[in-house]
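The structure file final_18.cif is reproduced below (mmCIF, C-alpha atoms).
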```cif
data_data
#
loop_
_atom_site.label_atom_id
_atom_site.label_comp_id
_atom_site.auth_asym_id
_atom_site.auth_seq_id
_atom_site.Cartn_x
_atom_site.Cartn_y
_atom_site.Cartn_z
CA MET A 1 -40.55 -56.12 -24.86
CA THR A 2 -39.52 -59.78 -24.89
CA GLU A 3 -41.86 -62.67 -24.42
CA ARG A 4 -41.41 -65.41 -21.89
CA SER A 5 -43.12 -68.76 -21.67
CA GLU A 6 -46.70 -68.69 -20.55
CA GLY A 7 -47.17 -65.27 -22.19
CA HIS A 8 -45.41 -63.16 -19.53
CA SER A 9 -43.20 -60.19 -20.53
CA THR A 10 -40.31 -58.40 -18.73
CA PRO A 11 -39.33 -54.72 -19.15
CA GLN A 12 -35.98 -53.84 -20.64
CA ARG A 13 -33.31 -52.30 -18.36
CA ARG A 14 -33.62 -48.50 -18.10
CA ALA A 15 -30.59 -46.60 -19.49
CA SER A 16 -28.62 -44.97 -16.63
CA ARG A 17 -26.57 -41.77 -16.74
CA PRO A 18 -22.79 -42.13 -16.84
CA LEU A 19 -20.96 -41.94 -13.53
CA TRP A 20 -19.17 -38.72 -14.46
CA ALA A 21 -22.50 -37.03 -15.12
CA ARG A 22 -23.80 -37.99 -11.69
CA VAL A 23 -20.60 -36.76 -10.01
CA LEU A 24 -20.79 -33.47 -11.90
CA ALA A 25 -24.42 -32.98 -10.92
CA ALA A 26 -23.57 -33.62 -7.26
CA ILE A 27 -20.70 -31.10 -7.36
CA CYS A 28 -22.90 -28.47 -8.99
CA GLY A 29 -25.52 -29.06 -6.33
CA LEU A 30 -23.01 -28.59 -3.54
CA ILE A 31 -21.66 -25.40 -5.10
CA GLY A 32 -25.19 -24.08 -5.46
CA LEU A 33 -25.96 -24.80 -1.82
CA ALA A 34 -22.69 -23.18 -0.76
CA LEU A 35 -23.47 -20.02 -2.70
CA ILE A 36 -26.99 -19.87 -1.30
CA TRP A 37 -25.61 -20.28 2.22
CA THR A 38 -22.98 -17.61 1.59
CA VAL A 39 -25.49 -15.04 0.40
CA ALA A 40 -28.05 -15.89 3.08
CA SER A 41 -25.55 -15.81 5.94
CA ALA A 42 -24.11 -12.50 4.75
CA HIS A 43 -27.61 -11.04 4.68
CA VAL A 44 -28.36 -12.31 8.19
CA MET A 45 -25.06 -11.03 9.60
CA ALA A 46 -25.29 -7.63 7.89
CA GLY A 47 -27.21 -6.13 10.78
CA ARG A 48 -24.86 -7.41 13.47
CA GLY A 49 -21.61 -6.05 14.81
CA PRO A 50 -18.27 -6.34 13.00
CA GLU A 51 -16.85 -8.88 15.47
CA ALA A 52 -19.76 -11.27 14.95
CA SER A 53 -19.66 -10.84 11.17
CA ASP A 54 -15.94 -11.41 10.74
CA GLY A 55 -16.17 -15.10 11.64
CA ILE A 56 -18.92 -15.83 9.15
CA TYR A 57 -17.12 -13.88 6.42
CA ALA A 58 -13.94 -15.83 7.14
CA SER A 59 -15.83 -19.09 6.66
CA HIS A 60 -16.96 -17.88 3.22
CA ARG A 61 -13.37 -18.11 2.04
CA ALA A 62 -13.25 -21.79 2.96
CA VAL A 63 -16.44 -22.44 0.98
CA VAL A 64 -15.85 -20.14 -2.01
CA PHE A 65 -12.09 -20.21 -2.42
CA ALA A 66 -12.02 -19.93 -6.21
CA GLY A 67 -14.08 -18.67 -9.09
CA PRO A 68 -15.68 -15.29 -9.81
CA ASP A 69 -17.01 -14.90 -6.25
CA ALA A 70 -13.71 -15.61 -4.47
CA TRP A 71 -13.25 -11.87 -3.88
CA ARG A 72 -16.32 -11.56 -1.63
CA SER A 73 -14.85 -13.04 1.54
CA PRO A 74 -11.67 -10.88 1.69
CA TYR A 75 -13.71 -7.86 0.56
CA ASN A 76 -16.17 -8.25 3.42
CA ARG A 77 -13.44 -8.94 5.97
CA GLY A 78 -11.42 -5.97 4.78
CA THR A 79 -14.42 -3.67 4.95
CA LEU A 80 -15.16 -4.78 8.51
CA ALA A 81 -11.53 -4.25 9.51
CA ALA A 82 -11.60 -0.75 8.03
CA GLU A 83 -14.76 0.05 9.97
CA ARG A 84 -12.90 -0.96 13.14
CA GLU A 85 -10.00 1.28 12.00
CA ASP A 86 -7.70 -1.73 11.81
CA TYR A 87 -6.24 -0.38 8.59
CA ALA A 88 -3.31 -2.76 8.28
CA ALA A 89 -5.62 -5.81 8.33
CA ALA A 90 -8.06 -4.04 6.01
CA VAL A 91 -5.35 -3.40 3.43
CA MET A 92 -4.22 -7.02 3.58
CA HIS A 93 -7.73 -8.41 2.94
CA LEU A 94 -8.70 -5.81 0.34
CA GLU A 95 -5.53 -6.28 -1.68
CA ARG A 96 -6.29 -10.01 -1.71
CA ALA A 97 -9.81 -9.21 -2.92
CA LEU A 98 -8.45 -6.98 -5.68
CA THR A 99 -6.37 -9.84 -7.07
CA SER A 100 -9.44 -12.11 -7.42
CA VAL A 101 -12.25 -9.70 -8.32
CA PRO A 102 -13.29 -9.83 -12.01
CA LYS A 103 -11.49 -7.06 -13.84
CA ALA A 104 -13.76 -4.37 -15.29
CA THR A 105 -13.63 -3.17 -18.88
CA PRO A 106 -13.12 0.62 -19.03
CA ALA A 107 -15.91 2.65 -20.57
CA ALA A 108 -15.39 5.07 -23.44
CA SER A 109 -14.43 7.72 -20.88
CA GLY A 110 -11.63 5.48 -19.60
CA SER A 111 -13.30 4.93 -16.23
CA ILE A 112 -14.40 1.68 -14.57
CA GLN A 113 -16.72 3.61 -12.26
CA GLY A 114 -19.65 1.59 -10.90
CA SER A 115 -18.02 -1.79 -11.44
CA THR A 116 -17.44 -4.51 -8.87
CA GLU A 117 -13.72 -3.87 -9.17
CA CYS A 118 -14.33 -0.25 -8.18
CA ARG A 119 -16.13 -1.35 -5.02
CA VAL A 120 -12.95 -3.13 -3.98
CA ARG A 121 -10.69 -0.30 -5.13
CA THR A 122 -12.70 2.33 -3.27
CA ASN A 123 -12.48 0.53 0.05
CA LEU A 124 -8.82 -0.33 -0.52
CA SER A 125 -7.94 3.30 -1.23
CA LEU A 126 -9.77 4.47 1.92
CA ALA A 127 -8.01 1.82 4.02
CA LEU A 128 -4.62 2.85 2.61
CA GLU A 129 -5.46 6.50 3.30
CA GLY A 130 -6.31 5.69 6.91
CA LEU A 131 -3.12 3.65 7.28
CA ALA A 132 -1.06 6.49 5.79
CA LEU A 133 -2.46 9.11 8.20
CA GLU A 134 -2.04 6.73 11.13
CA THR A 135 1.58 6.06 10.18
CA ALA A 136 2.27 9.77 9.63
CA GLU A 137 0.98 10.56 13.13
CA GLU A 138 3.27 7.86 14.55
CA ALA A 139 6.11 9.55 12.66
CA GLY A 140 5.25 12.88 14.31
CA VAL A 141 3.31 14.62 11.51
CA GLU A 142 -0.35 15.62 11.50
CA ALA A 143 -2.63 15.25 8.48
CA SER A 144 -2.28 19.00 7.92
CA GLY A 145 1.50 18.61 7.64
CA GLU A 146 2.19 20.26 11.02
CA LEU A 147 4.90 18.65 13.12
CA LEU A 148 3.79 17.17 16.44
CA GLY A 149 7.21 17.67 18.00
CA SER A 150 10.71 18.91 17.36
CA THR A 151 11.78 15.70 15.60
CA ILE A 152 10.13 13.12 13.34
CA ASP A 153 10.71 9.51 12.39
CA ALA A 154 11.87 9.89 8.79
CA GLN A 155 11.52 6.19 7.99
CA ARG A 156 7.92 6.03 9.22
CA LEU A 157 7.08 9.22 7.34
CA ASP A 158 8.44 7.70 4.12
CA GLN A 159 6.19 4.70 4.71
CA ALA A 160 3.21 7.01 5.23
CA ILE A 161 3.93 8.75 1.93
CA GLY A 162 4.11 5.37 0.21
CA PHE A 163 0.74 4.28 1.64
CA MET A 164 -0.93 7.53 0.57
CA ASP A 165 0.55 7.28 -2.91
CA ARG A 166 -0.85 3.74 -3.21
CA ALA A 167 -4.24 5.01 -2.04
CA ALA A 168 -4.32 7.57 -4.86
CA GLU A 169 -3.27 4.93 -7.39
CA ALA A 170 -6.01 2.55 -6.21
CA SER A 171 -8.77 5.16 -6.57
CA LYS A 172 -7.55 6.66 -9.86
CA PRO A 173 -9.19 4.16 -12.29
CA CYS A 174 -12.57 4.77 -10.60
CA THR A 175 -12.60 8.53 -11.28
CA THR A 176 -14.94 9.85 -13.94
CA ASP A 177 -12.25 9.93 -16.62
CA GLY A 178 -9.98 7.21 -15.22
CA GLU A 179 -7.17 9.75 -14.88
CA GLY A 180 -8.01 11.57 -11.66
CA GLY A 181 -11.15 13.54 -12.52
CA GLU A 182 -9.43 16.89 -12.18
CA SER A 183 -11.82 19.76 -11.35
CA SER A 184 -14.73 17.29 -11.02
CA THR A 185 -16.91 17.21 -7.91
CA ALA A 186 -18.01 13.58 -8.17
CA ASP A 187 -17.43 11.58 -4.98
CA GLU A 188 -14.82 9.31 -6.55
CA ASP A 189 -12.94 12.28 -8.00
CA VAL A 190 -13.01 14.21 -4.72
CA THR A 191 -11.60 11.18 -2.90
CA HIS A 192 -8.74 10.78 -5.37
CA GLN A 193 -7.92 14.50 -5.39
CA ARG A 194 -7.84 14.58 -1.58
CA GLN A 195 -5.45 11.64 -1.49
CA GLN A 196 -3.20 13.21 -4.13
CA ARG A 197 -3.06 16.49 -2.19
CA GLN A 198 -2.22 14.57 0.98
CA VAL A 199 0.77 12.99 -0.76
CA ASP A 200 2.09 16.48 -1.51
CA VAL A 201 1.44 17.63 2.07
CA LEU A 202 3.38 14.73 3.57
CA ARG A 203 6.26 15.15 1.14
CA THR A 204 6.48 18.84 1.99
CA ALA A 205 6.53 17.98 5.70
CA ALA A 206 9.35 15.51 5.08
CA GLU A 207 11.40 18.17 3.28
CA GLU A 208 10.76 20.88 5.87
CA SER A 209 11.60 18.54 8.74
CA GLN A 210 15.22 18.41 7.65
CA ASP A 211 17.42 20.73 9.73
CA PRO A 212 18.00 23.83 7.58
CA GLY A 213 20.65 25.19 9.96
CA GLU A 214 23.02 22.25 9.71
CA ASP A 215 24.80 23.43 6.58
CA ALA A 216 24.64 27.05 7.70
CA THR A 217 26.50 26.29 10.93
CA ASP A 218 29.22 24.39 9.10
CA GLU A 219 29.93 27.06 6.51
CA PRO A 220 31.09 29.79 8.96
CA GLU A 221 33.39 27.28 10.65
CA ALA A 222 34.91 26.41 7.30
CA ASP A 223 35.31 30.10 6.51
CA GLN A 224 36.98 30.73 9.87
CA SER A 225 39.30 27.82 9.26
CA ASP A 226 40.22 29.19 5.86
CA ASP A 227 40.83 32.68 7.33
CA SER A 228 42.98 31.33 10.12
CA GLY A 229 44.89 29.29 7.58
CA ALA A 230 45.50 32.40 5.49
CA ASP A 231 46.77 34.35 8.54
CA SER A 232 49.06 31.47 9.43
CA ASP A 233 50.49 31.42 5.91
CA GLN A 234 51.17 35.17 6.10
CA GLU A 235 52.96 34.78 9.41
CA ASN A 236 55.09 31.95 8.02
CA ASP A 237 56.00 34.06 4.99
CA ALA A 238 57.00 37.00 7.20
CA SER A 239 59.18 34.81 9.46
CA GLU A 240 61.12 33.19 6.62
CA GLU A 241 64.73 34.34 6.10
CA PRO A 242 65.44 36.15 2.83
CA GLY A 243 66.78 33.86 0.15
CA GLU A 244 65.59 30.64 1.82
CA GLU A 245 63.26 28.24 0.02
CA PRO A 246 59.82 28.13 1.71
CA ALA A 247 59.22 24.72 3.27
CA GLU A 248 56.52 22.55 1.71
CA PRO A 249 53.54 22.57 4.11
CA THR A 250 52.17 19.17 5.16
CA PRO A 251 48.62 18.85 3.81
CA THR A 252 46.07 18.42 6.59
CA PRO A 253 42.38 17.54 6.20
CA THR A 254 40.14 20.59 6.21
CA LEU A 255 36.60 20.85 7.48
CA ASP A 256 35.42 20.83 3.87
CA ASP A 257 37.07 17.42 3.33
CA LYS A 258 35.49 16.05 6.51
CA GLN A 259 32.09 17.44 5.54
CA ALA A 260 32.35 15.81 2.11
CA GLN A 261 33.17 12.46 3.70
CA LEU A 262 30.27 12.76 6.12
CA GLU A 263 27.90 13.54 3.26
CA GLU A 264 29.19 10.52 1.32
CA ASN A 265 28.65 8.27 4.36
CA GLN A 266 25.14 9.64 4.78
CA ARG A 267 24.36 9.02 1.12
CA GLN A 268 25.51 5.42 1.36
CA ALA A 269 23.46 4.88 4.53
CA GLU A 270 20.35 6.28 2.83
CA GLU A 271 20.83 3.90 -0.09
CA VAL A 272 20.99 0.92 2.28
CA LEU A 273 17.88 2.15 4.09
CA GLN A 274 15.97 2.55 0.85
CA GLN A 275 16.91 -0.95 -0.26
CA ARG A 276 15.79 -2.36 3.10
CA GLU A 277 12.50 -0.48 2.94
CA GLY A 278 11.97 -1.76 -0.57
CA ARG A 279 12.35 -5.35 0.59
CA GLU A 280 9.98 -4.80 3.51
CA GLY A 281 7.39 -2.93 1.41
CA ALA A 282 7.28 -5.68 -1.21
CA GLY A 283 5.49 -8.04 1.13
CA PHE A 284 2.92 -5.72 2.41
CA GLY A 285 -0.29 -5.92 0.75
CA THR A 286 -13.04 -6.77 0.93
CA GLY A 287 -19.77 -6.20 1.94
CA GLU A 288 -20.63 -2.68 0.80
CA ALA A 289 -18.49 0.38 0.25
CA TRP A 290 -18.12 2.42 3.43
#
```

Go ahead and render the structure in this file as structure tokens.
Amino acid sequence: MTERSEGHSTPQRRASRPLWARVLAAICGLIGLALIWTVASAHVMAGRGPEASDGIYASHRAVVFAGPDAWRSPYNRGTLAAEREDYAAAVMHLERALTSVPKATPAASGSIQGSTECRVRTNLSLALEGLALETAEEAGVEASGELLGSTIDAQRLDQAIGFMDRAAEASKPCTTDGEGGESSTADEDVTHQRQQRQVDVLRTAAEESQDPGEDATDEPEADQSDDSGADSDQENDASEEPGEEPAEPTPTPTLDDKQAQLEENQRQAEEVLQQREGREGAGFGTGEAW
């Protein structure tokens, strides 16, 4: 305290917090309010339909776009899309959630079962499974492997196999041993085993859909050509005058040569198709587990 004339005193100036501290406190307060609003709105919207919930979940991404909770918005949106059987959109959102969800530390068994990451992986694997079966049906193959018609779309079936393979890979770390849970009856293990079997079923359908009679029809024609060529050679030998040099026959392409060229062309075309599919697949890419 300092003294003035006439015995009056004035208080000293109160120490104020630095500006950066006040700014930091304001930011923390806003983040806290945003998180409270996110949780509260999700709770309110949980009992409503998927269409009404999708908008509020989309707004969560604008509020919580970074940090440990950034996975929640795409996880919720992906789960809603999967419930509507919009599997392509579900996969897109859930793969985005998987990139931002905190990574779990495997237990001694090697599994990350029960973790937040597994919640995302479980829904992602189910969405990929649904997308694979949907794509396989578009290709002309049922889930059982039966053909829906006389022909199939080989390219679409290859895509379906790729989706199902990714589904099995997504669910694998969440099995009881982190390696597939073979012979286990736990829910996570049953899901992974079903997806792995489905990969085999679709691959078998792709192999059996190839025309087995194509090569068989070509071989008799080649044999007939060879036989007719042998008869022609015998007739030429019989008609030649004694003592004359046999004329050199002009080589002509055989059916075997043409077949080899066709096979080479087909192989090159398949390589181009695989490269194109690889480029397209590279860009393709979540609430409670459903």

Handout entry: Who sits within 12 Å of Glu134 of chain A, all atoms listed in the file, same chain under 2 positions skipped, as a list in words
Key = Glu85, Asp86, Tyr87, Ala88, Ala127, Leu128, Glu129, Gly130, Leu131, Ala132, Ala136, Glu137, Glu138, Ala139, Gly140, Val141, Glu142, Ala143, Arg156, Leu157, Gln159, Ala160, Ile161, Phe163 and Met164 of chain A

Fill in the blank from the handout: Expressed in Å, the length from atom CA of Arg84 of chain A to atom CA of Val120 of chain A is 17.3 Å

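In this comparison, which uses all atoms listed in the file, the residue of A:Gln113, A:Thr105, A:Ser209, A:Thr185 approaching Glu146 of chain A most closely is A:Ser209.
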
Pick out the residues sitting within 6 Å of Leu94 of chain A, and hand them over as a PDB file with C-alpha atoms, in the coordinates of the input; count only C-alpha atoms, and ignore anything fewer than 2 positions along from it in its own chain.
```pdb
ATOM      1  CA  TYR A  75     -13.710  -7.860   0.560  1.00  0.00           C
ATOM      2  CA  GLY A  78     -11.420  -5.970   4.780  1.00  0.00           C
ATOM      3  CA  ALA A  90      -8.060  -4.040   6.010  1.00  0.00           C
ATOM      4  CA  VAL A  91      -5.350  -3.400   3.430  1.00  0.00           C
ATOM      5  CA  MET A  92      -4.220  -7.020   3.580  1.00  0.00           C
ATOM      6  CA  ARG A  96      -6.290 -10.010  -1.710  1.00  0.00           C
ATOM      7  CA  ALA A  97      -9.810  -9.210  -2.920  1.00  0.00           C
ATOM      8  CA  LEU A 124      -8.820  -0.330  -0.520  1.00  0.00           C
ATOM      9  CA  THR A 286     -13.040  -6.770   0.930  1.00  0.00           C
TER      10      THR A 286
END
```

Practice task
Please measure the separation of atom CA of Ala205 of chain A and atom CA of Gly162 of chain A, giving the value in Å to one decimal.
Solution key: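 Straight-line distance from atom CA of Ala205 of chain A to atom CA of Gly162 of chain A works out to 14.0 Å.
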
Output, as lines of an AutoDock Vina configuration file, the centre and edge lengths in Å (one decimal) of the axis-aligned box that contains all listed atoms of segment 142-146 of chain A with 4 Å of margin on each side.
```
center_x = -0.2
center_y = 17.8
center_z = 9.6
size_x = 12.8
size_y = 13.0
size_z = 11.9
```

Handout entry: atom CA of Leu147 of chain A to atom CA of Ser171 of chain A, straight-line distance in Å
Key =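 So the answer is 27.5 Å.
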
Practice task
Might you spell out which residues the PyMOL selection byres ((chain A and resi 189) around 10) would select in the displayed file, as a ChimeraX atom specification?
Solution key: /A:171-188,190-195

Problem - Who sits within 9 Å of Lys103 of chain A, all atoms listed in the file, same chain under 4 positions skipped, as a PyMOL selection string - result: chain A and resi 98-99+115-117

Using C-alpha atoms, can you write the selected residues to a file as a short mmCIF file (atom, residue, chain, number, x, y, z; two decimals), in the frame of the given file?
```cif
data_model
loop_
_atom_site.label_atom_id
_atom_site.label_comp_id
_atom_site.auth_asym_id
_atom_site.auth_seq_id
_atom_site.Cartn_x
_atom_site.Cartn_y
_atom_site.Cartn_z
CA LEU A 98 -8.45 -6.98 -5.68
CA THR A 99 -6.37 -9.84 -7.07
CA SER A 115 -18.02 -1.79 -11.44
CA THR A 116 -17.44 -4.51 -8.87
CA GLU A 117 -13.72 -3.87 -9.17
#
```

Exercise for the section: Would you mind telling me which residue in A:Glu83, A:Asp69, A:Glu169, A:Glu208 lies nearest to Arg121 of chain A when using only C-alpha atoms? Expected result: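 Answer, going by the shortest atom-to-atom distance: A:Glu169.
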
Problem - All residues 10 Å or closer to Gln210 of chain A, all atoms listed in the file, same chain fewer than 4 positions away omitted, as number ranges by chain - result: A: 151-152, 154, 205-206, 214
